[in-house]
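Peer 1: Coordinates in start-v3.tsv, TSV, C-alpha atoms, are listed below.
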chain	number	residue	atom	x	y	z
A	183	SER	CA	24.54	1.60	9.02
A	184	GLU	CA	22.03	3.63	6.97
A	185	LEU	CA	23.06	6.85	5.31
A	186	ARG	CA	21.01	9.87	6.35
A	187	LEU	CA	20.76	13.52	5.42
A	188	LYS	CA	21.94	15.54	8.44
A	189	ARG	CA	22.20	19.16	7.32
A	190	ILE	CA	21.35	21.53	4.49
A	191	TRP	CA	23.06	24.86	3.87
A	192	ILE	CA	21.13	27.38	1.75
A	193	ASN	CA	23.24	29.98	-0.07
A	194	ASN	CA	22.22	33.02	-2.08
A	195	ASN	CA	23.61	34.13	-5.46
A	196	SER	CA	26.62	35.67	-3.71
A	197	ASN	CA	27.40	32.32	-2.08
A	198	GLN	CA	26.48	33.68	1.34
A	199	THR	CA	24.76	31.23	3.67
A	200	VAL	CA	21.27	32.51	4.43
A	201	ASP	CA	19.95	29.51	6.36
A	202	LYS	CA	21.19	26.31	7.95
A	203	ILE	CA	18.85	23.38	8.39
A	204	LEU	CA	19.62	20.45	10.70
A	205	LEU	CA	17.77	17.13	10.49
A	206	GLU	CA	17.57	14.72	13.42
A	207	HIS	CA	16.43	11.12	13.28
A	208	GLU	CA	15.29	8.37	15.63
A	209	TYR	CA	15.11	4.60	15.32
A	210	ARG	CA	12.14	2.35	15.96
A	211	HIS	CA	12.98	-1.23	16.85
A	212	GLY	CA	11.37	-4.65	16.92
A	213	GLN	CA	12.24	-7.57	14.66
A	214	ALA	CA	13.82	-4.91	12.45
A	215	SER	CA	14.70	-1.21	12.75
A	216	ARG	CA	13.34	1.84	10.97
A	217	MET	CA	14.88	5.29	10.83
A	218	LEU	CA	12.36	8.14	11.12
A	219	LEU	CA	12.79	11.89	10.85
A	220	SER	CA	12.28	13.34	14.35
A	221	SER	CA	12.98	17.07	13.86
A	222	VAL	CA	13.91	19.75	11.33
A	223	THR	CA	15.59	22.88	12.73
A	224	SER	CA	16.03	26.02	10.64
A	225	GLN	CA	17.94	29.08	11.83
A	226	ILE	CA	15.16	31.18	10.28
A	227	ASN	CA	12.01	29.15	10.91
A	228	GLY	CA	12.82	27.34	14.17
A	229	THR	CA	12.23	23.67	14.98
A	230	HIS	CA	9.50	21.35	13.76
A	231	LEU	CA	9.08	18.08	15.72
A	232	PHE	CA	7.56	14.88	14.32
A	233	GLU	CA	5.94	11.95	16.14
A	234	TYR	CA	4.79	8.66	14.66
A	235	ASN	CA	2.25	5.92	15.30
A	236	SER	CA	3.59	2.86	17.05
A	237	HIS	CA	2.44	-0.68	17.79
A	238	SER	CA	3.17	-2.91	20.77
A	239	GLN	CA	4.79	-5.46	18.43
A	240	GLY	CA	7.29	-2.86	17.25
A	241	ILE	CA	8.68	-3.16	13.73
A	242	PRO	CA	8.19	-6.37	11.71
A	243	LYS	CA	11.14	-7.96	9.97
A	244	ASN	CA	11.80	-6.78	6.44
A	245	ASP	CA	10.80	-10.08	4.82
A	246	THR	CA	7.76	-10.77	6.99
A	247	TYR	CA	5.00	-12.91	5.51
A	248	SER	CA	2.46	-11.13	7.73
A	249	THR	CA	1.21	-8.84	4.99
A	250	ASP	CA	-2.08	-8.18	3.24
A	251	HIS	CA	-2.66	-8.50	-0.50
A	252	TRP	CA	-0.78	-5.25	-1.21
A	253	GLY	CA	2.27	-5.79	0.99
A	254	TYR	CA	1.17	-3.83	4.07
A	255	TRP	CA	1.81	-5.35	7.49
A	256	ASN	CA	-1.35	-6.97	8.91
A	257	GLY	CA	0.08	-8.55	12.08
A	258	LEU	CA	-1.38	-12.01	11.40
A	259	LEU	CA	0.74	-15.04	12.21
A	260	ASN	CA	1.10	-16.09	8.58
A	261	PRO	CA	3.28	-19.23	8.73
A	262	GLY	CA	4.94	-18.89	5.35
A	263	SER	CA	4.79	-18.10	1.68
A	264	ILE	CA	1.81	-17.99	-0.64
A	265	LYS	CA	2.36	-21.62	-1.64
A	266	GLN	CA	2.15	-22.74	1.98
A	267	ASN	CA	-1.27	-21.10	2.34
A	268	ILE	CA	-2.83	-22.87	-0.64
A	269	THR	CA	-5.22	-25.68	0.25
A	270	GLY	CA	-6.72	-26.62	-3.10
A	271	PRO	CA	-5.78	-27.13	-6.77
A	272	ILE	CA	-3.86	-24.30	-8.42
A	273	GLU	CA	-4.72	-23.83	-12.07
A	274	THR	CA	-4.87	-20.06	-12.49
A	275	ASP	CA	-4.75	-16.84	-10.51
A	276	CYS	CA	-8.50	-17.21	-10.14
A	277	ASN	CA	-8.06	-20.27	-7.95
A	278	LEU	CA	-5.68	-18.28	-5.78
A	279	TYR	CA	-8.12	-15.41	-5.40
A	280	ASN	CA	-10.91	-17.78	-4.47
A	281	GLN	CA	-8.73	-19.25	-1.73
A	282	LEU	CA	-6.85	-16.16	-0.58
A	283	GLY	CA	-9.19	-13.31	-1.47
A	284	ASP	CA	-11.43	-13.45	1.57
A	285	SER	CA	-9.05	-15.40	3.78
A	286	GLU	CA	-7.85	-14.08	7.12
A	287	VAL	CA	-4.25	-14.65	6.13
A	288	LYS	CA	-4.20	-11.74	3.65
A	289	GLU	CA	-6.78	-9.50	5.31
A	290	ALA	CA	-5.90	-5.79	5.66
A	291	ASN	CA	-5.61	-4.37	9.19
A	292	GLU	CA	-5.18	-0.62	9.60
A	293	LEU	CA	-4.05	-0.96	13.23
A	294	TYR	CA	-0.84	-2.49	11.89
A	295	SER	CA	-0.48	-0.78	8.51
A	296	ARG	CA	-0.58	2.70	10.09
A	297	ASN	CA	2.50	1.83	12.17
A	298	CYS	CA	5.22	4.51	11.73
A	299	GLY	CA	2.74	6.85	10.01
A	300	LEU	CA	3.14	10.51	10.94
A	301	LYS	CA	0.72	11.32	13.82
A	302	LYS	CA	1.84	14.70	15.21
A	303	ILE	CA	3.69	17.81	14.04
A	304	THR	CA	4.76	20.35	16.67
A	305	TYR	CA	5.52	23.83	15.31
A	306	PRO	CA	8.10	26.39	16.50
A	307	THR	CA	5.25	28.45	18.00
A	308	GLY	CA	4.24	25.57	20.30
A	309	GLY	CA	1.10	24.74	18.40
A	310	TYR	CA	0.67	21.30	16.91
A	311	SER	CA	-1.31	19.16	14.48
A	312	ASN	CA	-2.65	15.67	15.23
A	313	ILE	CA	-3.24	13.34	12.27
A	314	SER	CA	-5.66	10.39	12.45
A	315	TYR	CA	-5.97	7.58	9.93
A	316	GLU	CA	-8.52	4.99	8.84
A	317	ALA	CA	-8.59	2.03	6.49
A	318	ASN	CA	-9.02	2.32	2.73
A	319	TYR	CA	-12.28	0.90	1.38
A	320	ALA	CA	-13.16	0.03	-2.21
A	321	LYS	CA	-16.52	-0.31	-3.92
A	322	TYR	CA	-15.14	-0.89	-7.42
A	323	LEU	CA	-12.42	-3.09	-8.85
A	324	ILE	CA	-10.75	-2.45	-12.22
A	325	GLN	CA	-9.64	-5.24	-14.58
A	326	ASN	CA	-10.95	-8.12	-12.52
A	327	ASP	CA	-10.24	-10.91	-15.00
A	328	CYS	CA	-11.01	-13.57	-12.38
A	329	HIS	CA	-14.24	-11.89	-11.29
A	330	PHE	CA	-12.97	-12.02	-7.72
A	331	LEU	CA	-15.61	-10.34	-5.58
A	332	PRO	CA	-15.15	-10.29	-1.80
A	333	SER	CA	-18.02	-11.24	0.47
A	334	GLN	CA	-18.39	-7.67	1.80
A	335	ASN	CA	-20.25	-5.00	-0.17
A	336	ILE	CA	-17.45	-2.55	0.62
A	337	TYR	CA	-14.02	-4.15	0.64
A	338	LYS	CA	-11.27	-3.11	3.08
A	339	THR	CA	-7.97	-2.78	1.25
A	340	GLY	CA	-4.37	-2.24	2.32
A	341	GLY	CA	-2.82	0.90	3.71
A	342	VAL	CA	-4.54	3.87	5.35
A	343	ARG	CA	-6.02	7.25	4.43
A	344	VAL	CA	-6.16	10.47	6.46
A	345	ALA	CA	-9.38	10.66	8.46
A	346	LYS	CA	-8.89	13.81	10.53
A	347	ILE	CA	-6.37	16.60	11.16
A	348	GLU	CA	-6.62	18.66	14.35
A	349	ASN	CA	-4.73	21.98	14.57
A	350	ILE	CA	-4.25	23.20	18.13
A	351	SER	CA	-2.58	26.34	19.49
A	352	ASP	CA	-3.03	28.80	22.38
A	353	GLU	CA	-5.25	31.05	20.26
A	354	ILE	CA	-7.37	28.65	18.25
A	355	SER	CA	-8.33	25.04	17.81
A	356	ASP	CA	-9.86	23.64	14.65
A	357	SER	CA	-10.14	20.36	12.86
A	358	THR	CA	-10.75	19.01	9.38
A	359	ILE	CA	-12.55	15.71	8.81
A	360	TYR	CA	-12.03	13.94	5.49
A	361	SER	CA	-14.72	11.80	3.87
A	362	TYR	CA	-14.16	9.86	0.69
A	363	GLY	CA	-16.26	8.99	-2.32
A	364	ASP	CA	-16.60	5.41	-3.53
A	365	GLY	CA	-13.14	3.86	-3.55
A	366	ILE	CA	-11.69	2.23	-6.67
A	367	LEU	CA	-9.32	-0.71	-6.24
A	368	MET	CA	-6.85	-0.51	-9.11
A	369	TYR	CA	-5.65	-4.12	-9.02
A	370	MET	CA	-5.45	-7.39	-7.16
A	371	PRO	CA	-1.93	-8.82	-7.04
A	372	ARG	CA	-0.82	-11.60	-9.34
A	373	TYR	CA	0.26	-14.51	-7.18
A	374	ALA	CA	0.89	-17.17	-9.81
A	375	THR	CA	1.23	-17.52	-13.56
A	376	LYS	CA	0.38	-20.73	-15.33
A	377	LEU	CA	2.99	-21.66	-17.94
A	378	GLU	CA	2.06	-24.12	-20.66
A	379	TYR	CA	4.37	-25.43	-23.34
A	380	LYS	CA	4.67	-28.39	-25.66
A	381	TYR	CA	7.70	-30.45	-26.61
A	382	VAL	CA	8.43	-33.65	-28.55
A	383	THR	CA	10.05	-36.67	-26.94
A	384	ARG	CA	12.06	-38.59	-29.54
A	385	ILE	CA	12.18	-42.34	-29.22
A	386	ASN	CA	14.73	-44.65	-30.83
A	387	GLY	CA	16.71	-41.73	-32.22
A	388	ALA	CA	13.81	-40.28	-34.17
A	389	VAL	CA	14.29	-36.63	-35.10
A	390	ASP	CA	11.18	-35.97	-37.18
A	391	PRO	CA	8.14	-35.15	-35.01
A	392	ASP	CA	5.86	-36.45	-37.76
A	393	ILE	CA	7.07	-40.04	-37.58
A	394	ASP	CA	5.35	-42.64	-35.43
A	395	ASP	CA	7.91	-43.02	-32.66
A	396	ALA	CA	7.90	-39.30	-31.76
A	397	VAL	CA	5.61	-38.54	-28.80
A	398	ASP	CA	4.13	-35.12	-28.02
A	399	ALA	CA	4.14	-34.04	-24.37
A	400	ASN	CA	2.33	-31.13	-22.77
A	401	VAL	CA	3.90	-29.56	-19.71
A	402	GLU	CA	2.28	-27.23	-17.20
A	403	ALA	CA	4.24	-25.26	-14.63
A	404	TYR	CA	3.47	-22.46	-12.21
A	405	ALA	CA	5.57	-19.41	-11.48
A	406	TYR	CA	4.76	-18.02	-8.04
A	407	THR	CA	5.14	-14.45	-6.89
A	408	GLU	CA	5.98	-14.65	-3.21
A	409	ASP	CA	4.61	-12.21	-0.64
A	410	CYS	CA	6.12	-8.81	-1.34
A	411	ASN	CA	5.23	-5.14	-1.52
A	412	PHE	CA	2.99	-5.02	-4.57
A	413	ALA	CA	2.30	-1.32	-3.97
A	414	ALA	CA	5.99	-0.56	-4.48
A	415	MET	CA	6.07	-2.54	-7.74
A	416	ARG	CA	2.77	-1.49	-9.31
A	417	GLY	CA	2.07	1.90	-7.80
A	418	PRO	CA	-0.92	3.02	-5.73
A	419	HIS	CA	-3.69	0.43	-5.47
A	420	MET	CA	-6.47	2.85	-4.46
A	421	ALA	CA	-8.14	5.84	-6.11
A	422	TYR	CA	-11.05	8.05	-5.07
A	423	GLY	CA	-13.35	10.11	-7.24
A	424	SER	CA	-13.89	12.72	-4.55
A	425	VAL	CA	-12.68	13.80	-1.12
A	426	THR	CA	-14.65	16.17	1.10
A	427	ALA	CA	-12.83	18.23	3.76
A	428	THR	CA	-15.26	19.44	6.44
A	429	HIS	CA	-14.01	22.13	8.82
A	430	SER	CA	-14.91	23.01	12.41
A	431	ASP	CA	-17.16	25.87	11.30
A	432	HIS	CA	-19.12	23.38	9.13
A	433	SER	CA	-17.78	24.84	5.90
A	434	TYR	CA	-16.43	22.26	3.49
A	435	THR	CA	-14.42	21.81	0.34
A	436	ILE	CA	-15.05	19.06	-2.20
A	437	TYR	CA	-12.13	17.85	-4.30
A	438	SER	CA	-13.12	15.91	-7.43
A	439	TYR	CA	-10.83	13.79	-9.57
A	440	LEU	CA	-11.07	12.08	-12.93
A	441	ASN	CA	-11.36	8.35	-12.31
A	442	ALA	CA	-12.40	5.07	-13.86
A	443	THR	CA	-16.09	5.46	-13.01
A	444	GLN	CA	-16.45	8.37	-15.43
A	445	PRO	CA	-17.37	8.10	-19.15
A	446	GLU	CA	-13.87	8.99	-20.35
A	447	TYR	CA	-12.59	5.74	-18.85
A	448	LEU	CA	-15.39	3.30	-19.53
A	449	ASP	CA	-13.11	1.19	-21.71
A	450	ASN	CA	-11.82	-0.24	-18.42
A	451	LYS	CA	-13.54	-3.27	-17.01
A	452	LEU	CA	-15.23	-2.01	-13.86
A	453	TYR	CA	-16.79	-4.31	-11.30
A	454	THR	CA	-18.83	-3.30	-8.28
A	455	TYR	CA	-18.78	-5.01	-4.88
A	456	ASP	CA	-22.48	-4.55	-4.16
Hey, can you dump this file as structure tokens for me?
Peer 2:
Amino acid sequence: SELRLKRIWINNNSNQTVDKILLEHEYRHGQASRMLLSSVTSQINGTHLFEYNSHSQGIPKNDTYSTDHWGYWNGLLNPGSIKQNITGPIETDCNLYNQLGDSEVKEANELYSRNCGLKKITYPTGGYSNISYEANYAKYLIQNDCHFLPSQNIYKTGGVRVAKIENISDEISDSTIYSYGDGILMYMPRYATKLEYKYVTRINGAVDPDIDDAVDANVEAYAYTEDCNFAAMRGPHMAYGSVTATHSDHSYTIYSYLNATQPEYLDNKLYTYD
């Protein structure tokens, strides 16, 4: 069984306990199980309750092949590994992108990837917050050595981003809607690496590669990276130059971030999808 954190005792400098915090968990089931934090209860601050998005198919198995390019569940009935989805010659990653890049098999689907994402927080006062999500979209791609450009002008990528947060209580109700600047896709996954090497076949006991009965041979091999969680291995795949939070009273806040579209980073190869 999984280990879980159940309680936290907070002591002051005199080693007197000033607060006790209890953590409760729940399990989601399907082809696999996931443990989720369901409540946090503090003697001082009361109880916070947490609810999560769900899907009728439950939880996919840990080693599911039904994932998009970045390892997020997409719910598609992918029959097997990357190699089983290849229909043409494999010479480089570029061939793989041409075959898999716009294919349904590796398409992102936010209805599945948001599964188990936090959707509601209920506060000790009885008020609560609802959290809505939407798909990530990219307009730019960094370091696209294969010049892989999807057919869409704006490309849907894996995972989700917060679209809206509603805060509701007896006294007040307000919401914040988040809009995003042009998305930047940090990488496409590497599915295969072409390995080339040369060796000498010696005939009739020859040991000198310069003599006539030594034959050179070139060998090509391919090392495949099977479907896995690329986001966990390579870090976040998406970045945004700006996020605008618009509130119920029509006021708004713009958050701006340094990113690869700005002059400081123009050494990066930057490709646009339009």
Peer 1: Which residue gives the smallest distance to His230 (chain A) among A:Ile190, A:Ile324, A:Ile303, A:Leu367, with only C-alpha atoms counted?
Peer 2: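 So, comparing all the options, the nearest one is A:Ile303.
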Peer 1: Mind pulling up the distance from CA of Arg216 (chain A) to CA of Ser311 (chain A)?
Peer 2: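 About the pair CA of Ser311 (chain A) and CA of Arg216 (chain A): they are 23.0 Å apart.
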Peer 1: Could you please determine the separation between CA of Ser295 (chain A) and CA of Gly340 (chain A) in Å, to one decimal place?
Peer 2: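 Computed distance, CA of Ser295 (chain A) to CA of Gly340 (chain A), equals 7.5 Å.
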Peer 1: Could you check the closest approach to Trp191 (chain A) for each of A:Ser238, A:Gln213, A:Thr229, A:Ser224 and tell me which residue wins, using all atoms listed in the file?
Peer 2: A:Ser224
Peer 1: Please determine, counting all atoms listed in the file, which residue among A:Ile336, A:Leu231, A:Ala345, A:Leu258 has the shortest atom-to-atom distance to Asp364 (chain A).
Peer 2: A:Ile336
Peer 1: With all atoms listed in the file as the basis for distance, which of A:Lys338, A:His211, A:Arg296, A:His251 is at the shortest distance from Ser314 (chain A)?
Peer 2: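 Closest candidate: A:Arg296.
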Peer 1: What is the distance, in Å and to one decimal place, between CA of Ile350 (chain A) and CA of Asn312 (chain A)?
Peer 2: 8.2 Å
Peer 1: Go through A:Ala427, A:Tyr294, A:Glu286, A:Ser215 one by one, measure the shortest atom-to-atom distance of each to Ile347 (chain A) using all atoms listed in the file, and give the residue with the smallest value.
Peer 2: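 Of the candidates, the smallest distance to Ile347 (chain A) is held by A:Ala427.
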Peer 1: From the set A:Glu348, A:Glu206, A:Asp356, A:Glu289, which residue has the shortest atom-to-atom contact distance to Leu259 (chain A), counting only C-alpha atoms?
Peer 2: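 Of A:Glu348, A:Glu206, A:Asp356, A:Glu289, the one nearest Leu259 (chain A) is A:Glu289, counting only C-alpha atoms.
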Peer 1: Applying 10 Å and only C-alpha atoms, which residues near Leu187 (chain A) remain after dropping the ones on its own chain fewer than 5 positions away? List them as a JSON list (two decimals) with C-alpha atoms, keeping the file's coordinate frame.
Peer 2:
[["chain", "number", "residue", "atom", "x", "y", "z"],
["A", 204, "LEU", "CA", 19.62, 20.45, 10.70],
["A", 205, "LEU", "CA", 17.77, 17.13, 10.49],
["A", 206, "GLU", "CA", 17.57, 14.72, 13.42],
["A", 207, "HIS", "CA", 16.43, 11.12, 13.28],
["A", 219, "LEU", "CA", 12.79, 11.89, 10.85]]
